[in-house]
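Since the structure comes first, as structure tokens, the remarks are kept for the end.
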Amino acid sequence: MKFIFSIISLFFAAEATGQSHKPAISTVAGGGVAGYSGDGGPALAARLDNPFGVVVAPDGDIVFCDTNNHVIRSISRKDGKIRTLVGTGKAGYSGDGGDPLEAQLNEPYEIRYHPSGDLYWVERLSHTVRKLDARANTIETVAGNGEQGFSGDRGAGVEATLNQPHSIVISRDGSFLLICDIRNQRIRKLDLGRGVIDTWCGDGSKKETPAIANISSDTPLKGPRALCRGAGNTFYLALREGNQVFRIDQDVGKLYHLAGSGVKGFHAQARPALESELSGPKGIDCSPDFSRIYLADTESHTVRAIDLRQTPPIVSLIAGTGKKGDGPDTLDPLGCAMARLHGVGVDPVNGDLYIGDSETHKVRKVTQDFEGKAEATKTLGDFKTFVFEVNGRKCRVALPDEAAPGRPWIWRCRFWGAFPSVDLGLLKRGWHVAFIDVSNEFGGPKAMEAFDAFYPMVRERFSLAEKPVMEGFSRGGLPAALWSINNPEKVLGIYLDAAVMDIYSWPRGRSDQNWQRCLKAWGLSEGNSDSWEGPLDQLQILIDRKIPVMIVAGGDDKVVPYVENTGKLESFFLENGGNLTAVVKAGAGHHPHSLHDPSTVVEWAETLLRP
């Protein structure tokens, strides 16, 4: 066996030096004129009509409710282009079971992603909660029958009536969804497993909410307008008419008054939270570390924050002048006027704040000075990397600053450095990242020979753990899965991302050049190509050997269709008792790979180390 260590390289990214990021406010979508246009072009040139709820999607794009256009739209983080994800642009209630671009919505107000990747939203004027099923790429109503009213508790959610619901939030474990059923003065709870709805909190009256109260149908809620999830089993609730914010502790079954004196008003100076005046808050979200709660304080035209790091907590002004207006974009967010904003959403990685600035018809961003931001912007090049060869193939190993106990590692099977959020997340946890180039081998015999040579060498040279996590992106899914099937005793788990599982799905019929390369790599011809057996033919081995699998995929992947590849793996594992975790990103394509916030995959990998 021949191997040569030829280079040791260290790189440092400017953003990772811990330098301060000063807040600034900028427009990311909308030209300031109401309308519906611009799909496929720059988001800044598009016309919006009253954007409300906004979130950062699992793939990192910014997704928002273009409410008066009755659509849900997305801004690409990569190139700033805008597209419609759901809706035709005409008000209505139709399209369940069909293409998301053929469905009619009626004032989508707020959106949330389920941990599994499905996209949920609430429609105020169809009185429903609906979702984009990522796996089927179709629309489904999950709560509300389209009629206005109050009925259906302890029955099927789709048979219940709601009354202008405005806000939703999904539990951390994805088991239930909470709905601010505004005109019914209640929070309704939908069990997502059973599909059953019930009143979670609120007695239907508009009386003052006590400072400490039970989560109960006997507790009054004065205008329950917006919900977000906090740390653990905590939620935060903004009361519009009450001009207050409550912390809801599900573990103890209590609501606690956190902010707002109950008097409507505005002040630019910071004050203790319970002494502060709020002005009709209609949107709410938390910073990544849950130290701040952000409010779309609609009727003061500002974003305000409850700072939980202070004792007592303090309400301060984050963006806006306190007067209705439009801009300008500025280095000082306090100098940018806004107009009846309805939505706020926080980037879970870098803490940046997105705003649905409704009546300016814009989506804005406040670049936050989040203390975790410098760490979040580290690149793969910031870590010491060995570059060498094994039997003439280029190899790389990135080293953590300090190795975790047992020296765990993840084996990137293709595309070193591409979409590295999971690799970076694991490096920060003390994992190594390893790679050997098997391009144009499509998991064939030569790729398996290269892997067999690389495995003992890299383990010995870097004192790595016996079992790596195999990481297969796109066509890298073939070698990742096949080597695991051949060597289950040497594998801790498999992470597959938009992965090819079937050469009949890709490259055949999609890339003639790659199809010919694939046939050559496997020693096949057009005449006998149907004799090929791939990962999908051998999954029982992984189940029998109890190999955990993590899937990430785009639900609208037209390059490597999920339903033809990892979707088949997911179905087989679920039907046969396999150990599987999956995030299928609603509306997402083949790119970008991975997750913008890699914590789901990182935590999955970390659990594999535990006894």
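Labeling convention for the structure tokens: chains A, B, ... as they appear, residues from 1 per chain, ligands from 1 in order of appearance.
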
**Message:** Just list as a list in words whatever in region 454-493 of chain A DSSP marks as strand (DSSP E or B).
**Reply:**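 For region 454-493 of chain A, the strand (DSSP E or B) set is Val469, Met470, Glu471, Gly472, Phe473 and Gly493 of chain A.
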
Expected file: the selected residues, N, CA, C and O atoms, as a compact mmCIF listing (two decimals), in the first residue's frame:
# COMPACT_ATOMS: atom_id res chain seq x y z
N VAL A 469 -19.09 7.27 10.85
CA VAL A 469 -20.37 7.55 10.20
C VAL A 469 -20.07 7.79 8.72
O VAL A 469 -19.22 8.61 8.38
N MET A 470 -20.72 7.05 7.85
CA MET A 470 -20.54 7.22 6.41
C MET A 470 -21.45 8.36 5.93
O MET A 470 -22.63 8.41 6.29
N GLU A 471 -20.91 9.24 5.10
CA GLU A 471 -21.64 10.43 4.65
C GLU A 471 -21.70 10.44 3.12
O GLU A 471 -20.67 10.59 2.45
N GLY A 472 -22.90 10.27 2.57
CA GLY A 472 -23.05 10.20 1.12
C GLY A 472 -23.94 11.30 0.58
O GLY A 472 -25.15 11.28 0.79
N PHE A 473 -23.33 12.26 -0.12
CA PHE A 473 -24.08 13.32 -0.79
C PHE A 473 -24.30 12.94 -2.24
O PHE A 473 -23.36 12.53 -2.94
N GLY A 493 -22.97 4.42 11.54
CA GLY A 493 -24.24 4.90 11.00
C GLY A 493 -24.01 5.46 9.61
O GLY A 493 -22.86 5.60 9.16

**Prompt:** Residues at most 10 Å from Lys362 (chain A), counting only C-alpha atoms, excluding those fewer than 5 positions away in the same chain, as a list in words?
**Reply:** Thr27, Val28, Ala29, Gly30, Gly31, Gly32, Val33, Ala34, Ala43, Leu44, Ala46, Arg47, Leu48, Asp49, Asn50, Pro51, Phe52, Asp66, Asp326, Met338, Ala339, Leu341, Ile355, Gly356 and Asp357 of chain A

**Prompt:** Excluding same-chain residues fewer than 2 positions from region 600-603 of chain A, what lies within 9 Å of it counting only C-alpha atoms, as JSON, numbers by chain?
**Reply:** {"A": [115, 422, 423, 425, 426, 429, 495, 550, 551, 552, 583, 594, 595, 597, 598, 605, 606, 607, 608]}

**Request:** Return as a ChimeraX atom specification the full set of residues in region 415-489 of chain A whose backbone-based DSSP assignment is alpha helix (DSSP H).
**Result:** /A:421-428,445-462,477-486

**Asked** Hey, what's within 8 Å of region 561-568 of chain A if we count only C-alpha atoms and toss same-chain stuff fewer than 2 positions away? As a PyMOL selection string, please?
**Response** chain A and resi 135+496+498-502+505+536+551+553-559+570-572

**Close residues, Ser531 (chain A) itself excluded, 12 Å, only C-alpha atoms, min 6 positions apart in chain, as a PyMOL selection string** = chain A and resi 503-504+519+522-525+537
